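**Student:** Below is the structure I would like to discuss, written out as structure tokens.
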Amino acid sequence: MSTRGYMGQVFSVRPVLAEMEDRGMPIDDSARLALDAKFDIAQSVLGEELARLAPESCKRVDPKVGYVGMPPEVKKWLEAFDQKHAEDIFNYDFTEANDGEKYRYMLKEFAVPTVDAASGVPVAIATIRWCRVYDFNPNSQPQVIAYMKSKLHKVPKSKKEHEDGTQKDTTNEKELRRLAVRTGDDFYLKVVEYRGFTKLRSTYIEGFVPQADGCVHTTFTFAPAIGQLSSRNPNIQNFTKLKPTVELAKAMRKMVAAQPGKILTEWDFKSCHIITLGFLAEDLNYMRLGRLDMHSFIAGHFLKLWNGFEIFKESDDELLARFKWLKSDPIRKRVRDDQAKHGILGIGNGLKAKGLYEMYMESFPPVVCDACSGTGLTSGVRGTKQCPECHGTTFKTGQRVAEEVLEVAEALFPKVFEYQERQRKEAHELQVLYTPFGYARRFYEVYRWDHKRTSWGHGDQAEEAVAYRLANIAFGHIREKLKELHAAGLDEKYGLFNNVHDSFIFHFDERDLEQHIVDVYSVLLTPSTVLRHPTISPDGLVIDVDGSWGKDWASMREIKVVQHNKTAPDYKGDKCILGYTFSY
């Protein structure tokens, strides 16, 4: 069976994907409709909060010069209610018949142009008139920009230009997140969240209406250049676990549910990109910590809870006990999940501190400067002086925190960073990178000559040169396993219907769970026939998997697999797979 090039990675994979498309993703339509209601409530609540926070000057007024007389709606309202409480009209929400947009009637002062009867000179007369004031609309760029100006925040600019060459204003998500970090105003994050609901409802409610067989049927594509699969109409590979909220993410996954008498299983390759990066860099320590818990290891060293160089020599059990202790504290775990995890992910993508910070700003907030303990001053020879770390600001910037996380990782795993620099050099010199799975990618600007510094600096493709080969061998390994499942007939037997990043998802008769575990786990755990190294993995790279099962994707239970005391490959003990036992 070919594993390389077009024949191995596309031609022979397409029939497997076609069968997955035909099986489809099972959808619980009642859960889908319930999700729609949850989205509606969450967006409405958030919209009301934004309307309260936004100044009146940001809201749309219609008409701009007010109504000459009392609007008919107001007259009817006053006739229908007690005149003693006529002032309540200013708190009453009217609703547009066509789009449901809310507004209130208010009396506002307008400068109405007219002509002075005596002199004939044009003048403006201050007049009180009725007008409609609509709720703040987070989807409106002018209204969001009006909020920025009311708060004296600098309006972000896009790369697009007006006809006169000036840059256009923008309120895109990336810039709003940056603005929230710079100003400390989470109003912008709420705008991003509100806008996200509009897209989520379109994607997950309208896009996941099941067909007559109770499933949605996607189309898998080979569009990503790194070898990752993608899907469209609908995209069934993009279900988050945390956004927009943990509760809503769980509700989104809940609508992916097994049909009566069936269950779902998911098999996820553990730390796939960490282990493959260690494989490429020939760093056994990096691979080992990837299999244990790289994020806790980095976080503990970063927080000075242990010396990473010294604990390399500890046993796996001792390290796992350390990592369990670290995760038992919410504050330490937040550093692990937000900063260390994103830092390790950023390393795989070739990010430097600036890129890492800009991509994950919310994970790297400013902190009190530890060099001066937040005073802005340190002791000098002639007395106190400005702190050289924070320059008297009393805090450490988020970008500096991101830089320190990367410095910790580079100090502990220098082989990884040396490998990445070799990748940049190879891509720069050859202008192409080949991978073990037969892919090739061209590079035109890995390094760029900096005339001011008179030296080479990173160009537009510096990050891509580092990330490409790593991502490709990870996804190439997954395609290899996809074909092995197909060759064994396990994709059809157990209803394989999706590949999400590093995982496979199945849908089959619940009575077959035990045999399914034995069959699938043994295939996924076999060594790679492509990723081999004479000292790192002479028999082929093995990447372990985590298994889970359940009636719906939101309520999955772990399948525990542990090494058996009788490790012979031919051991036939109860529930044993190549020397491993399992429970669920």
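Labels for the structure tokens follow display order: chains A, B, ..., residues from 1 in each chain, ligands from 1.
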I need the residues in segment 74-263 of chain A that are strand (DSSP E) according to DSSP; give them as a PyMOL selection string.
**Tutor:** chain A and resi 94-95+102-115+122-134+157-161+167-169+215-216+219-221+230-232+262-263
**Student:** Can you list, as a ChimeraX atom specification, every protein, DNA or RNA residue that comes within 6 Å of segment 299-313 of chain A when you count only C-alpha atoms, leaving out same-chain residues fewer than 3 positions away?
**Tutor:** /A:296,336,340
**Student:** Output N, CA and C atoms of each residue in that selection to a file, as a compact mmCIF listing (two decimals), in the first residue's frame.
**Tutor:**
```
# COMPACT_ATOMS: atom_id res chain seq x y z
N SER A 296 2.53 20.99 31.81
CA SER A 296 2.77 21.09 33.25
C SER A 296 4.27 21.21 33.54
N ARG A 336 -0.62 26.93 33.30
CA ARG A 336 -0.37 25.77 32.45
C ARG A 336 -1.23 25.81 31.19
N ALA A 340 1.64 28.20 29.21
CA ALA A 340 2.53 27.12 28.79
C ALA A 340 1.98 26.38 27.57
```
**Student:** Could I get the residues of segment 189-293 of chain A with an atom no further than 12 Å from an atom of segment 141-157 of chain A, each paired with its nearest atom pair and that distance in Å to one decimal, using only C-alpha atoms, sorted by chain and residue number, as JSON lines?
**Tutor:**
```
{"residue": "A:Leu189", "atom": "CA", "partner": "A:Val144", "partner_atom": "CA", "distance": 11.8}
{"residue": "A:Lys190", "atom": "CA", "partner": "A:Val144", "partner_atom": "CA", "distance": 11.4}
{"residue": "A:Val191", "atom": "CA", "partner": "A:Val144", "partner_atom": "CA", "distance": 8.4}
{"residue": "A:Val192", "atom": "CA", "partner": "A:Val144", "partner_atom": "CA", "distance": 10.9}
{"residue": "A:Arg195", "atom": "CA", "partner": "A:Gln141", "partner_atom": "CA", "distance": 11.3}
```
**Student:** Segment 440-449 of chain A: which residues within 10 Å, counting only C-alpha atoms, same-chain residues fewer than 6 positions away excluded, as number ranges by chain?
**Tutor:** A: 5, 225-226, 423-434, 455-466, 468-469, 472
**Student:** Save the residues we just selected, C-alpha atoms, as a PDB file, in the first residue's frame?
**Tutor:**
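Heads up, here's the output in out_16.pdb:
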```pdb
ATOM      1  CA  GLY A   5       2.950  11.349  -2.816  1.00  0.00           C
ATOM      2  CA  ALA A 225      -1.365  22.692   2.086  1.00  0.00           C
ATOM      3  CA  ILE A 226      -0.024  21.071   5.272  1.00  0.00           C
ATOM      4  CA  GLN A 423      14.603  24.231   8.819  1.00  0.00           C
ATOM      5  CA  ARG A 424      14.633  27.957   8.056  1.00  0.00           C
ATOM      6  CA  LYS A 425      18.117  27.716   6.575  1.00  0.00           C
ATOM      7  CA  GLU A 426      17.183  24.714   4.409  1.00  0.00           C
ATOM      8  CA  ALA A 427      14.003  26.370   3.132  1.00  0.00           C
ATOM      9  CA  HIS A 428      15.903  29.594   2.429  1.00  0.00           C
ATOM     10  CA  GLU A 429      18.748  27.928   0.549  1.00  0.00           C
ATOM     11  CA  LEU A 430      16.777  25.297  -1.400  1.00  0.00           C
ATOM     12  CA  GLN A 431      13.524  27.308  -1.681  1.00  0.00           C
ATOM     13  CA  VAL A 432      11.621  24.056  -1.200  1.00  0.00           C
ATOM     14  CA  LEU A 433      10.981  21.560   1.597  1.00  0.00           C
ATOM     15  CA  TYR A 434      10.145  17.896   1.032  1.00  0.00           C
ATOM     16  CA  SER A 455      21.892  41.563   8.428  1.00  0.00           C
ATOM     17  CA  TRP A 456      19.341  38.886   7.541  1.00  0.00           C
ATOM     18  CA  GLY A 457      16.039  38.968   9.400  1.00  0.00           C
ATOM     19  CA  HIS A 458      12.956  36.758   9.300  1.00  0.00           C
ATOM     20  CA  GLY A 459      10.852  37.162   6.176  1.00  0.00           C
ATOM     21  CA  ASP A 460       7.190  36.465   5.437  1.00  0.00           C
ATOM     22  CA  GLN A 461       7.659  32.680   5.430  1.00  0.00           C
ATOM     23  CA  ALA A 462       9.955  32.234   8.427  1.00  0.00           C
ATOM     24  CA  GLU A 463       7.172  30.744  10.537  1.00  0.00           C
ATOM     25  CA  GLU A 464       5.837  28.579   7.693  1.00  0.00           C
ATOM     26  CA  ALA A 465       9.300  27.096   7.114  1.00  0.00           C
ATOM     27  CA  VAL A 466       9.359  25.884  10.719  1.00  0.00           C
ATOM     28  CA  TYR A 468       5.343  22.981   7.503  1.00  0.00           C
ATOM     29  CA  ARG A 469       7.270  19.720   7.818  1.00  0.00           C
ATOM     30  CA  ASN A 472       2.722  17.514   7.449  1.00  0.00           C
TER      31      ASN A 472
END
```
**Student:** Name the residues in contact with Asp338 of chain A at a cut-off of 12 Å, using only C-alpha atoms, excluding same-chain residues fewer than 6 positions from it; report them as a list in words.
**Tutor:**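 Listed by chain and then number, they are His295, Ser296, Ile298, Ala299, Pro330, Ile331, Arg332, Ile344, Leu345, Gly346, Leu356, Tyr357, Tyr360, Met361, Glu362, Ser363, Phe364, Pro365, Val401, Ala402 and Val405 of chain A.
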**Student:** Find the residue from A:Arg288, A:Lys250, A:Arg201, A:His162 that sits nearest to Ile41 of chain A; use only C-alpha atoms when measuring.
**Tutor:**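 Of the candidates, the smallest distance to Ile41 of chain A is held by A:Arg201.
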**Student:** Could you check the closest approach to Glu318 of chain A for each of A:Gln515, A:Ser44, A:Pro260, A:Leu292 and tell me which residue wins, using only C-alpha atoms?
**Tutor:**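 Smallest separation from Glu318 of chain A among the options: A:Leu292.
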